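So this one's protein_38.cif, mmCIF, C-alpha atoms and all ligand atoms:
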data_coords
#
loop_
_atom_site.group_PDB
_atom_site.id
_atom_site.type_symbol
_atom_site.label_atom_id
_atom_site.label_comp_id
_atom_site.auth_asym_id
_atom_site.auth_seq_id
_atom_site.Cartn_x
_atom_site.Cartn_y
_atom_site.Cartn_z
ATOM 1 C CA MET A 1 5.219 -3.928 59.861
ATOM 2 C CA LYS A 2 8.386 -3.848 57.825
ATOM 3 C CA ILE A 3 8.345 -6.241 54.859
ATOM 4 C CA PRO A 4 11.645 -8.131 54.498
ATOM 5 C CA THR A 5 13.607 -6.919 51.462
ATOM 6 C CA PHE A 6 13.748 -10.431 50.015
ATOM 7 C CA PHE A 7 9.943 -10.646 50.031
ATOM 8 C CA SER A 8 9.422 -7.191 48.630
ATOM 9 C CA TYR A 9 11.715 -7.978 45.660
ATOM 10 C CA ARG A 10 9.819 -11.150 44.913
ATOM 11 C CA CYS A 11 6.543 -9.350 45.358
ATOM 12 C CA ARG A 12 7.584 -6.603 42.947
ATOM 13 C CA ALA A 13 8.760 -9.183 40.438
ATOM 14 C CA VAL A 14 5.365 -10.908 40.587
ATOM 15 C CA VAL A 15 3.501 -7.614 40.197
ATOM 16 C CA TRP A 16 5.685 -6.685 37.172
ATOM 17 C CA ALA A 17 5.166 -10.095 35.606
ATOM 18 C CA LEU A 18 1.413 -9.758 36.069
ATOM 19 C CA LEU A 19 1.404 -6.254 34.616
ATOM 20 C CA CYS A 20 3.427 -7.338 31.581
ATOM 21 C CA TRP A 21 1.215 -10.332 31.019
ATOM 22 C CA THR A 22 -1.960 -8.193 31.211
ATOM 23 C CA ALA A 23 -0.471 -5.607 28.831
ATOM 24 C CA ALA A 24 0.578 -8.299 26.343
ATOM 25 C CA TRP A 25 -2.780 -9.996 26.591
ATOM 26 C CA SER A 26 -4.779 -6.803 26.071
ATOM 27 C CA THR A 27 -2.551 -5.738 23.136
ATOM 28 C CA SER A 28 -3.133 -9.041 21.385
ATOM 29 C CA ALA A 29 -6.846 -8.879 22.250
ATOM 30 C CA TRP A 30 -6.997 -5.400 20.644
ATOM 31 C CA ALA A 31 -5.109 -6.640 17.599
ATOM 32 C CA GLN A 32 -7.520 -9.538 17.256
ATOM 33 C CA ALA A 33 -10.531 -7.227 17.609
ATOM 34 C CA ASP A 34 -9.079 -4.889 14.939
ATOM 35 C CA ASP A 35 -8.409 -7.815 12.614
ATOM 36 C CA ALA A 36 -11.968 -9.121 13.065
ATOM 37 C CA ARG A 37 -13.355 -5.633 12.373
ATOM 38 C CA ALA A 38 -11.212 -5.298 9.222
ATOM 39 C CA LYS A 39 -12.282 -8.745 8.034
ATOM 40 C CA LYS A 40 -15.928 -7.781 8.475
ATOM 41 C CA ILE A 41 -15.562 -4.497 6.569
ATOM 42 C CA ALA A 42 -13.524 -6.126 3.798
ATOM 43 C CA GLY A 43 -15.955 -9.031 3.490
ATOM 44 C CA GLY A 44 -18.888 -6.607 3.486
ATOM 45 C CA SER A 45 -17.799 -4.331 0.650
ATOM 46 C CA CYS A 46 -14.107 -4.112 -0.350
ATOM 47 C CA PHE A 47 -13.966 -7.699 -1.664
ATOM 48 C CA LEU A 48 -16.425 -6.820 -4.437
ATOM 49 C CA CYS A 49 -13.696 -4.917 -6.254
ATOM 50 C CA HIS A 50 -10.427 -5.766 -4.473
ATOM 51 C CA GLY A 51 -11.076 -9.533 -4.155
ATOM 52 C CA ALA A 52 -11.275 -11.806 -1.102
ATOM 53 C CA GLN A 53 -7.462 -12.164 -1.018
ATOM 54 C CA GLY A 54 -6.597 -8.616 -2.133
ATOM 55 C CA GLU A 55 -6.014 -10.006 -5.640
ATOM 56 C CA SER A 56 -8.742 -7.777 -7.183
ATOM 57 C CA THR A 57 -11.521 -8.885 -9.438
ATOM 58 C CA SER A 58 -10.517 -6.758 -12.430
ATOM 59 C CA GLU A 59 -7.534 -4.721 -13.632
ATOM 60 C CA VAL A 60 -9.560 -1.581 -12.993
ATOM 61 C CA PHE A 61 -9.138 -2.109 -9.250
ATOM 62 C CA PRO A 62 -5.657 -2.039 -7.696
ATOM 63 C CA ARG A 63 -4.400 -5.127 -5.907
ATOM 64 C CA LEU A 64 -4.105 -4.609 -2.158
ATOM 65 C CA ALA A 65 -2.427 -7.890 -1.137
ATOM 66 C CA GLY A 66 0.963 -7.156 0.437
ATOM 67 C CA GLN A 67 0.460 -3.397 0.281
ATOM 68 C CA HIS A 68 1.834 -1.565 3.332
ATOM 69 C CA ALA A 69 -0.615 -0.842 6.154
ATOM 70 C CA GLU A 70 0.497 2.758 6.672
ATOM 71 C CA TYR A 71 0.328 3.524 2.940
ATOM 72 C CA VAL A 72 -3.173 1.999 2.697
ATOM 73 C CA ALA A 73 -4.382 3.963 5.743
ATOM 74 C CA LYS A 74 -2.952 7.176 4.267
ATOM 75 C CA GLN A 75 -4.704 6.639 0.925
ATOM 76 C CA LEU A 76 -8.019 5.789 2.603
ATOM 77 C CA GLN A 77 -7.764 9.020 4.599
ATOM 78 C CA ALA A 78 -7.026 10.928 1.372
ATOM 79 C CA PHE A 79 -10.069 9.395 -0.365
ATOM 80 C CA LYS A 80 -12.184 10.424 2.651
ATOM 81 C CA SER A 81 -10.925 14.006 2.779
ATOM 82 C CA GLY A 82 -11.258 14.221 -1.015
ATOM 83 C CA THR A 83 -7.583 15.073 -1.614
ATOM 84 C CA ARG A 84 -7.294 11.868 -3.695
ATOM 85 C CA LYS A 85 -10.246 11.810 -6.049
ATOM 86 C CA SER A 86 -12.115 8.587 -6.805
ATOM 87 C CA THR A 87 -15.886 8.348 -7.027
ATOM 88 C CA ALA A 88 -15.810 4.625 -6.250
ATOM 89 C CA MET A 89 -13.573 4.976 -3.193
ATOM 90 C CA ALA A 90 -15.084 8.156 -1.694
ATOM 91 C CA GLU A 91 -18.297 6.309 -0.980
ATOM 92 C CA MET A 92 -16.450 3.300 0.489
ATOM 93 C CA VAL A 93 -14.452 5.235 3.066
ATOM 94 C CA ALA A 94 -17.030 7.816 4.129
ATOM 95 C CA LYS A 95 -17.819 6.032 7.397
ATOM 96 C CA LEU A 96 -14.380 4.584 8.226
ATOM 97 C CA SER A 97 -12.470 5.779 11.319
ATOM 98 C CA PRO A 98 -8.639 6.178 11.290
ATOM 99 C CA ASP A 99 -8.339 3.006 13.428
ATOM 100 C CA GLU A 100 -10.425 1.030 10.951
ATOM 101 C CA MET A 101 -8.306 2.337 8.058
ATOM 102 C CA LEU A 102 -5.103 1.110 9.711
ATOM 103 C CA ALA A 103 -6.747 -2.210 10.629
ATOM 104 C CA LEU A 104 -7.753 -2.681 6.973
ATOM 105 C CA GLY A 105 -4.181 -1.884 5.944
ATOM 106 C CA LYS A 106 -2.793 -4.522 8.316
ATOM 107 C CA TYR A 107 -5.383 -7.004 7.080
ATOM 108 C CA TYR A 108 -4.298 -6.685 3.433
ATOM 109 C CA GLU A 109 -0.582 -6.346 4.243
ATOM 110 C CA LYS A 110 -0.456 -9.987 5.391
ATOM 111 C CA MET A 111 -1.782 -11.335 2.069
ATOM 112 C CA THR A 112 0.459 -12.460 -0.794
ATOM 113 C CA LEU A 113 0.037 -12.819 -4.539
ATOM 114 C CA PRO A 114 1.464 -15.551 -6.767
ATOM 115 C CA LYS A 115 4.132 -14.491 -9.275
ATOM 116 C CA GLU A 116 2.900 -14.196 -12.855
ATOM 117 C CA GLU A 117 5.162 -14.042 -15.889
ATOM 118 C CA PRO A 118 4.934 -10.749 -17.801
ATOM 119 C CA LYS A 119 2.846 -11.036 -20.977
ATOM 120 C CA ASP A 120 5.476 -9.255 -23.079
ATOM 121 C CA PRO A 121 9.033 -10.192 -21.971
ATOM 122 C CA GLN A 122 10.778 -7.731 -24.326
ATOM 123 C CA LEU A 123 8.745 -4.834 -23.018
ATOM 124 C CA ALA A 124 9.324 -6.020 -19.435
ATOM 125 C CA GLY A 125 13.083 -6.062 -20.179
ATOM 126 C CA MET A 126 12.971 -2.405 -21.155
ATOM 127 C CA GLY A 127 10.924 -1.692 -18.012
ATOM 128 C CA ALA A 128 13.470 -3.496 -15.849
ATOM 129 C CA TYR A 129 16.233 -1.249 -17.208
ATOM 130 C CA ILE A 130 14.286 1.913 -16.391
ATOM 131 C CA TYR A 131 13.218 0.627 -12.986
ATOM 132 C CA HIS A 132 16.784 -0.142 -11.934
ATOM 133 C CA ASN A 133 18.706 2.580 -13.785
ATOM 134 C CA GLY A 134 16.304 5.341 -14.748
ATOM 135 C CA ASN A 135 16.985 7.227 -17.997
ATOM 136 C CA LYS A 136 20.020 9.459 -17.636
ATOM 137 C CA PHE A 137 19.365 11.123 -21.008
ATOM 138 C CA SER A 138 16.035 12.564 -19.911
ATOM 139 C CA GLY A 139 16.533 12.630 -16.124
ATOM 140 C CA VAL A 140 14.075 9.873 -15.116
ATOM 141 C CA PRO A 141 15.325 8.683 -11.712
ATOM 142 C CA ALA A 142 15.731 4.983 -10.968
ATOM 143 C CA CYS A 143 12.556 3.770 -9.272
ATOM 144 C CA VAL A 144 14.624 1.270 -7.299
ATOM 145 C CA SER A 145 16.093 4.046 -5.139
ATOM 146 C CA CYS A 146 12.711 4.510 -3.442
ATOM 147 C CA HIS A 147 10.525 1.508 -4.222
ATOM 148 C CA GLY A 148 13.248 -1.067 -3.463
ATOM 149 C CA VAL A 149 15.096 -3.826 -5.311
ATOM 150 C CA THR A 150 12.168 -6.233 -5.185
ATOM 151 C CA ALA A 151 9.629 -3.372 -5.580
ATOM 152 C CA GLU A 152 8.297 -4.198 -2.128
ATOM 153 C CA GLY A 153 8.374 -0.541 -0.993
ATOM 154 C CA ALA A 154 8.219 0.449 2.686
ATOM 155 C CA ALA A 155 5.694 1.869 5.122
ATOM 156 C CA HIS A 156 5.214 5.121 3.178
ATOM 157 C CA LEU A 157 6.371 3.886 -0.230
ATOM 158 C CA PRO A 158 3.874 1.681 -2.015
ATOM 159 C CA ARG A 159 4.674 -1.855 -3.064
ATOM 160 C CA LEU A 160 4.608 -1.925 -6.878
ATOM 161 C CA GLY A 161 5.592 -5.562 -7.488
ATOM 162 C CA ARG A 162 2.752 -7.750 -8.825
ATOM 163 C CA GLN A 163 0.410 -4.787 -9.218
ATOM 164 C CA PHE A 164 -1.696 -4.709 -12.414
ATOM 165 C CA ALA A 165 0.234 -3.072 -15.266
ATOM 166 C CA SER A 166 -2.754 -0.998 -16.396
ATOM 167 C CA TYR A 167 -3.235 0.431 -12.872
ATOM 168 C CA ILE A 168 0.460 1.420 -12.581
ATOM 169 C CA GLU A 169 0.423 3.045 -16.008
ATOM 170 C CA HIS A 170 -2.795 4.897 -15.201
ATOM 171 C CA GLN A 171 -1.408 6.222 -11.893
ATOM 172 C CA LEU A 172 1.777 7.445 -13.601
ATOM 173 C CA LYS A 173 -0.378 9.388 -16.066
ATOM 174 C CA MET A 174 -2.481 10.802 -13.230
ATOM 175 C CA PHE A 175 0.658 11.899 -11.338
ATOM 176 C CA ASN A 176 1.914 13.556 -14.519
ATOM 177 C CA LYS A 177 -1.342 15.442 -15.167
ATOM 178 C CA ARG A 178 -1.554 16.258 -11.441
ATOM 179 C CA GLU A 179 -4.891 14.480 -11.273
ATOM 180 C CA ARG A 180 -3.515 12.413 -8.399
ATOM 181 C CA ASN A 181 -2.275 15.111 -6.092
ATOM 182 C CA ASN A 182 -2.820 14.039 -2.485
ATOM 183 C CA ASP A 183 0.966 13.564 -2.290
ATOM 184 C CA ASN A 184 2.244 14.403 -5.728
ATOM 185 C CA ALA A 185 5.519 16.271 -5.137
ATOM 186 C CA VAL A 186 7.907 13.379 -5.784
ATOM 187 C CA MET A 187 5.971 11.292 -8.286
ATOM 188 C CA HIS A 188 5.027 14.289 -10.462
ATOM 189 C CA VAL A 189 8.723 15.065 -10.985
ATOM 190 C CA VAL A 190 9.339 11.396 -11.868
ATOM 191 C CA ALA A 191 6.338 10.956 -14.182
ATOM 192 C CA GLU A 192 6.710 14.244 -16.089
ATOM 193 C CA LYS A 193 10.048 13.034 -17.473
ATOM 194 C CA MET A 194 8.716 9.692 -18.694
ATOM 195 C CA THR A 195 7.543 8.907 -22.228
ATOM 196 C CA PRO A 196 4.334 6.895 -22.689
ATOM 197 C CA LEU A 197 6.473 3.910 -23.813
ATOM 198 C CA GLU A 198 8.613 4.088 -20.649
ATOM 199 C CA MET A 199 5.486 4.147 -18.474
ATOM 200 C CA HIS A 200 4.040 1.201 -20.369
ATOM 201 C CA ALA A 201 7.309 -0.776 -20.112
ATOM 202 C CA VAL A 202 7.952 -0.184 -16.414
ATOM 203 C CA ALA A 203 4.343 -1.153 -15.628
ATOM 204 C CA GLU A 204 4.697 -4.367 -17.615
ATOM 205 C CA TYR A 205 7.901 -5.226 -15.744
ATOM 206 C CA LEU A 206 6.370 -4.559 -12.313
ATOM 207 C CA SER A 207 3.238 -6.621 -12.920
ATOM 208 C CA GLY A 208 5.401 -9.723 -13.287
ATOM 209 C CA LYS A 209 7.831 -8.934 -10.462
HETATM 210 C C1 LIG A 301 -16.803 -0.366 -6.401
HETATM 211 C C2 LIG A 301 -15.416 -0.822 -6.398
HETATM 212 C C3 LIG A 301 -14.591 -0.592 -5.143
HETATM 213 C C4 LIG A 301 -14.865 -0.979 -3.843
HETATM 214 C C5 LIG A 301 -16.091 -1.723 -3.342
HETATM 215 C C6 LIG A 301 -13.714 -0.603 -3.055
HETATM 216 N N1 LIG A 301 -12.759 -0.019 -3.851
HETATM 217 FE FE1 LIG A 301 -10.888 0.561 -3.260
HETATM 218 N N2 LIG A 301 -10.504 1.259 -5.165
HETATM 219 C C7 LIG A 301 -11.399 1.205 -6.225
HETATM 220 C C8 LIG A 301 -10.809 1.917 -7.371
HETATM 221 C C9 LIG A 301 -11.449 2.101 -8.738
HETATM 222 C C10 LIG A 301 -9.547 2.382 -6.948
HETATM 223 C C11 LIG A 301 -8.517 3.190 -7.777
HETATM 224 C C12 LIG A 301 -8.773 4.666 -7.603
HETATM 225 C C13 LIG A 301 -7.806 5.488 -8.433
HETATM 226 O O1 LIG A 301 -7.728 5.262 -9.630
HETATM 227 O O2 LIG A 301 -7.104 6.322 -7.905
HETATM 228 C C14 LIG A 301 -9.384 1.959 -5.553
HETATM 229 C C15 LIG A 301 -8.253 2.233 -4.784
HETATM 230 C C16 LIG A 301 -8.069 1.786 -3.482
HETATM 231 C C17 LIG A 301 -6.857 1.981 -2.695
HETATM 232 C C18 LIG A 301 -5.578 2.668 -3.164
HETATM 233 C C19 LIG A 301 -4.592 1.611 -3.590
HETATM 234 C C20 LIG A 301 -3.239 2.139 -4.003
HETATM 235 O O3 LIG A 301 -2.405 1.309 -4.406
HETATM 236 O O4 LIG A 301 -2.989 3.348 -3.923
HETATM 237 C C21 LIG A 301 -7.080 1.407 -1.475
HETATM 238 C C22 LIG A 301 -6.099 1.350 -0.319
HETATM 239 C C23 LIG A 301 -8.427 0.857 -1.481
HETATM 240 N N3 LIG A 301 -8.987 1.101 -2.714
HETATM 241 C C24 LIG A 301 -9.005 0.200 -0.413
HETATM 242 C C25 LIG A 301 -10.347 -0.186 -0.363
HETATM 243 C C26 LIG A 301 -11.019 -0.654 0.840
HETATM 244 C C27 LIG A 301 -10.342 -0.844 2.181
HETATM 245 C C28 LIG A 301 -12.336 -0.894 0.500
HETATM 246 C C29 LIG A 301 -13.467 -1.304 1.408
HETATM 247 C C30 LIG A 301 -13.755 -0.430 2.527
HETATM 248 C C31 LIG A 301 -12.466 -0.598 -0.932
HETATM 249 N N4 LIG A 301 -11.247 -0.151 -1.403
HETATM 250 C C32 LIG A 301 -13.609 -0.778 -1.672
HETATM 251 C C33 LIG A 301 -12.618 0.566 -6.230
HETATM 252 C C34 LIG A 301 -13.263 0.033 -5.125
HETATM 253 C C1 LIG A 302 12.280 9.735 -4.604
HETATM 254 C C2 LIG A 302 11.413 8.584 -4.333
HETATM 255 C C3 LIG A 302 10.642 7.966 -5.484
HETATM 256 C C4 LIG A 302 11.130 7.591 -6.732
HETATM 257 C C5 LIG A 302 12.531 7.756 -7.316
HETATM 258 C C6 LIG A 302 9.995 6.960 -7.400
HETATM 259 N N1 LIG A 302 8.887 6.956 -6.595
HETATM 260 FE FE1 LIG A 302 7.048 6.208 -7.047
HETATM 261 N N2 LIG A 302 6.288 6.884 -5.280
HETATM 262 C C7 LIG A 302 7.023 7.529 -4.315
HETATM 263 C C8 LIG A 302 6.152 7.891 -3.205
HETATM 264 C C9 LIG A 302 6.558 8.619 -1.934
HETATM 265 C C10 LIG A 302 4.853 7.412 -3.553
HETATM 266 C C11 LIG A 302 3.583 7.474 -2.691
HETATM 267 C C12 LIG A 302 2.789 8.743 -2.860
HETATM 268 C C13 LIG A 302 1.629 8.743 -1.873
HETATM 269 O O1 LIG A 302 1.878 8.474 -0.686
HETATM 270 O O2 LIG A 302 0.499 9.011 -2.275
HETATM 271 C C14 LIG A 302 4.985 6.788 -4.856
HETATM 272 C C15 LIG A 302 3.934 6.200 -5.547
HETATM 273 C C16 LIG A 302 4.046 5.554 -6.753
HETATM 274 C C17 LIG A 302 2.965 4.874 -7.465
HETATM 275 C C18 LIG A 302 1.528 4.716 -6.991
HETATM 276 C C19 LIG A 302 1.319 3.307 -6.487
HETATM 277 C C20 LIG A 302 -0.087 2.949 -6.082
HETATM 278 O O3 LIG A 302 -0.241 1.880 -5.477
HETATM 279 O O4 LIG A 302 -1.022 3.688 -6.361
HETATM 280 C C21 LIG A 302 3.487 4.375 -8.627
HETATM 281 C C22 LIG A 302 2.753 3.594 -9.698
HETATM 282 C C23 LIG A 302 4.897 4.725 -8.652
HETATM 283 N N3 LIG A 302 5.213 5.445 -7.505
HETATM 284 C C24 LIG A 302 5.776 4.359 -9.675
HETATM 285 C C25 LIG A 302 7.118 4.771 -9.747
HETATM 286 C C26 LIG A 302 7.977 4.472 -10.877
HETATM 287 C C27 LIG A 302 7.583 3.637 -12.081
HETATM 288 C C28 LIG A 302 9.186 5.081 -10.616
HETATM 289 C C29 LIG A 302 10.415 5.130 -11.496
HETATM 290 C C30 LIG A 302 10.254 5.577 -12.866
HETATM 291 C C31 LIG A 302 9.068 5.724 -9.308
HETATM 292 N N4 LIG A 302 7.804 5.507 -8.816
HETATM 293 C C32 LIG A 302 10.075 6.435 -8.680
HETATM 294 C C33 LIG A 302 8.385 7.797 -4.349
HETATM 295 C C34 LIG A 302 9.223 7.581 -5.425
#
Would you mind writing the file out in C-alpha cells?
Amino acid sequence: MKIPTFFSYRCRAVVWALLCWTAAWSTSAWAQADDARAKKIAGGSCFLCHGAQGESTSEVFPRLAGQHAEYVAKQLQAFKSGTRKSTAMAEMVAKLSPDEMLALGKYYEKMTLPKEEPKDPQLAGMGAYIYHNGNKFSGVPACVSCHGVTAEGAAHLPRLGRQFASYIEHQLKMFNKRERNNDNAVMHVVAEKMTPLEMHAVAEYLSGK
C-alpha cells in the first residue's frame, strides 16, 4: 500500500521528534549520572584537602572552584601517569577513569569563590602591573595575554583568579626549576625570567582577583 505523502511527512516528523527527545533525555541522564559519580568521589576523598565547595581547607592545597573541567581532567591524567609529580595526588587518582576525571572537572567548574581583598595592597599593585604588562626590561610576557583579563583562563589555560597566593608562587618556582614538567614549555619560559619578588607580587594580586 502506498502511504500518502502528507502522512509520511507527518510520520517522519514524529519519528524525528521522538528521536531528538530520546537523545536529549539520555544525554541529560548521562550528565546527571556523571555529576552524581563526581559528587560521590569528591565527597569520599577530595573534600578532605580541596574542601566541600572547592575552596580548599589549607593554602597547601590548590582551590578547584571555578577551575576549567578540561584543565582539571588533564592534570588528573598527568598525576596518574606520573608526568606531574605529587605524592598526595598520585594516590588519589590511581583508580580514576578518564570519564570520572572529566566529570570531577565539570563538578568543580560550576563552583564559585567569594572575592577576598589582597592582604598587601602595595604588593598586589606591583603584581597587577606585571600581570597586565609583563616586564619589558627582562622579557617577562604579560600573563593577561593567555590567562585573560579577569584571570579566568579557558579550557586549557588554568583560572588563576582567587587561587591561593602561596600555591601560585610555588607553581611558578616549580615551572622554573622544571619540577613541574607535564606541560612546561610555555610556563618555563615565563617563570625563568621572573624575579622572586615578581612571582610573590603577581601571586598576591591574583589571590585577591
Ligand atoms: C591529601 C590531600 C589531597 C587530596 C585528598 C586530594 N588532593 Fe588534589 N592536590 C593535593 C595537593 C597537595 C595538590 C598540589 C600538587 C602540586 O603541588 O603540584 C593537589 C592538586 C590537585 C589538582 C591540580 C590543580 C591545579 O590547579 O593544577 C587537581 C585538579 C586536584 N588536586 C584534584 C583532586 C581531586 C579530584 C581529588 C579527589 C579524587 C583530590 N585532588 C584529592 C592534595 C590532595
Ligand atoms: C603564552 C601563554 C601563557 C602566558 C603568557 C602565561 N601563561 Fe601561565 N600557563 C599557561 C599554560 C598553557 C598553563 C597550563 C600548563 C598545563 O596545562 O599544565 C599555565 C599555567 C600556569 C600556572 C599553574 C596554575 C595551576 O592551577 O596550577 C600558573 C600559576 C601560571 N600559569 C601563572 C602565570 C603567570 C603569573 C604569568 C605571567 C607572568 C603567566 N602564567 C603567563 C600559559 C601561559
* Please write as an MDAnalysis selection string the full residue list that the PyMOL selection byres (((chain A and resi 63) around 8) and not hetatm) yields on this file. => chainID A and resid 50 54:56 61:62 64:65 163:164
Once you have the residues from the selection above, write them out as a CSV table (one decimal), keeping the file's coordinate frame, restricted to C-alpha atoms.
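Here's the written file out_39.csv:
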chain,number,residue,atom,x,y,z
A,50,HIS,CA,-10.4,-5.8,-4.5
A,54,GLY,CA,-6.6,-8.6,-2.1
A,55,GLU,CA,-6.0,-10.0,-5.6
A,56,SER,CA,-8.7,-7.8,-7.2
A,61,PHE,CA,-9.1,-2.1,-9.2
A,62,PRO,CA,-5.7,-2.0,-7.7
A,64,LEU,CA,-4.1,-4.6,-2.2
A,65,ALA,CA,-2.4,-7.9,-1.1
A,163,GLN,CA,0.4,-4.8,-9.2
A,164,PHE,CA,-1.7,-4.7,-12.4
Where does chain A meet ligand LIG 301 (chain A) within 8 Å, residue by residue, with the nearest atom pair and distance in Å to one decimal for each, counting only C-alpha atoms and all ligand atoms, listed by chain and rising number, as a Markdown table?
| residue | atom | partner | partner_atom | distance |
| --- | --- | --- | --- | --- |
| A:Ile41 | CA | A:LIG301 | C30 | 6.0 |
| A:Ala42 | CA | A:LIG301 | C29 | 5.4 |
| A:Gly44 | CA | A:LIG301 | C29 | 7.9 |
| A:Ser45 | CA | A:LIG301 | C5 | 5.1 |
| A:Cys46 | CA | A:LIG301 | C29 | 3.4 |
| A:Phe47 | CA | A:LIG301 | C5 | 6.6 |
| A:Leu48 | CA | A:LIG301 | C5 | 5.2 |
| A:Cys49 | CA | A:LIG301 | C2 | 4.4 |
| A:His50 | CA | A:LIG301 | N1 | 6.2 |
| A:Val60 | CA | A:LIG301 | C9 | 5.9 |
| A:Phe61 | CA | A:LIG301 | C8 | 4.7 |
| A:Pro62 | CA | A:LIG301 | C19 | 5.6 |
| A:Arg63 | CA | A:LIG301 | O3 | 6.9 |
| A:Leu64 | CA | A:LIG301 | C19 | 6.4 |
| A:Gln67 | CA | A:LIG301 | O3 | 7.2 |
| A:Tyr71 | CA | A:LIG301 | C22 | 7.5 |
| A:Val72 | CA | A:LIG301 | C22 | 4.3 |
| A:Ala73 | CA | A:LIG301 | C22 | 6.8 |
| A:Gln75 | CA | A:LIG301 | C22 | 5.6 |
| A:Leu76 | CA | A:LIG301 | C22 | 5.7 |
| A:Arg84 | CA | A:LIG301 | O2 | 7.0 |
| A:Lys85 | CA | A:LIG301 | O2 | 6.6 |
| A:Ser86 | CA | A:LIG301 | C12 | 5.2 |
| A:Thr87 | CA | A:LIG301 | C9 | 7.9 |
| A:Ala88 | CA | A:LIG301 | C1 | 5.1 |
| A:Met89 | CA | A:LIG301 | N1 | 5.1 |
| A:Met92 | CA | A:LIG301 | C30 | 5.0 |
| A:Val93 | CA | A:LIG301 | C30 | 5.7 |
| A:Leu96 | CA | A:LIG301 | C30 | 7.6 |
| A:Met101 | CA | A:LIG301 | C27 | 7.0 |
| A:Leu104 | CA | A:LIG301 | C27 | 5.7 |
| A:Gly105 | CA | A:LIG301 | C27 | 7.3 |
| A:Pro158 | CA | A:LIG301 | O3 | 6.7 |
| A:Arg159 | CA | A:LIG301 | O3 | 7.9 |
| A:Tyr167 | CA | A:LIG301 | O1 | 7.4 |
| A:His170 | CA | A:LIG301 | O1 | 7.5 |
| A:Gln171 | CA | A:LIG301 | O1 | 6.8 |
| A:Arg180 | CA | A:LIG301 | O2 | 7.1 |
* Asked: Counting only C-alpha atoms and all ligand atoms, what residues are within 7 Å of ligand LIG 302 (chain A), given as a PyMOL selection string?
  -> chain A and resi 71+75+130-131+134+140-147+156-160+168-169+171-172+182-184+186-187+190-191+199+202-203
Could those residues be written to a file, using C-alpha atoms, as a CSV table (one decimal), keeping the file's coordinate frame?
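Output below, filename part_21.csv:
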chain,number,residue,atom,x,y,z
A,71,TYR,CA,0.3,3.5,2.9
A,75,GLN,CA,-4.7,6.6,0.9
A,130,ILE,CA,14.3,1.9,-16.4
A,131,TYR,CA,13.2,0.6,-13.0
A,134,GLY,CA,16.3,5.3,-14.7
A,140,VAL,CA,14.1,9.9,-15.1
A,141,PRO,CA,15.3,8.7,-11.7
A,142,ALA,CA,15.7,5.0,-11.0
A,143,CYS,CA,12.6,3.8,-9.3
A,144,VAL,CA,14.6,1.3,-7.3
A,145,SER,CA,16.1,4.0,-5.1
A,146,CYS,CA,12.7,4.5,-3.4
A,147,HIS,CA,10.5,1.5,-4.2
A,156,HIS,CA,5.2,5.1,3.2
A,157,LEU,CA,6.4,3.9,-0.2
A,158,PRO,CA,3.9,1.7,-2.0
A,159,ARG,CA,4.7,-1.9,-3.1
A,160,LEU,CA,4.6,-1.9,-6.9
A,168,ILE,CA,0.5,1.4,-12.6
A,169,GLU,CA,0.4,3.0,-16.0
A,171,GLN,CA,-1.4,6.2,-11.9
A,172,LEU,CA,1.8,7.4,-13.6
A,182,ASN,CA,-2.8,14.0,-2.5
A,183,ASP,CA,1.0,13.6,-2.3
A,184,ASN,CA,2.2,14.4,-5.7
A,186,VAL,CA,7.9,13.4,-5.8
A,187,MET,CA,6.0,11.3,-8.3
A,190,VAL,CA,9.3,11.4,-11.9
A,191,ALA,CA,6.3,11.0,-14.2
A,199,MET,CA,5.5,4.1,-18.5
A,202,VAL,CA,8.0,-0.2,-16.4
A,203,ALA,CA,4.3,-1.2,-15.6
* To do: Tell me, in Å to one decimal, how far CA of Lys95 (chain A) is from CA of Lys80 (chain A).
  =>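 That distance, rounded to one decimal, is 8.6 Å.
Of the listed residues A:Gln53, A:Glu117, A:Trp30, A:Ala78, the one whose atoms come nearest to Asn181 (chain A) is A:Ala78, with distances taken using only C-alpha atoms.
Counting from CA of Phe175 (chain A), the distance to CA of Met194 (chain A) is 11.1 Å.
Using all atoms listed in the file for every distance, the candidate list A:Ala151, A:Gly208, A:Gln122, A:Glu198 yields A:Glu198 as the residue closest to Asn135 (chain A).
The coordinates place CA of Asp120 (chain A) at 16.2 Å from CA of Pro196 (chain A).
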* Structure fact -> From the list A:Glu179, A:Asp35, A:Glu70, A:Glu116, the nearest residue to Tyr205 (chain A) using only C-alpha atoms is A:Glu116
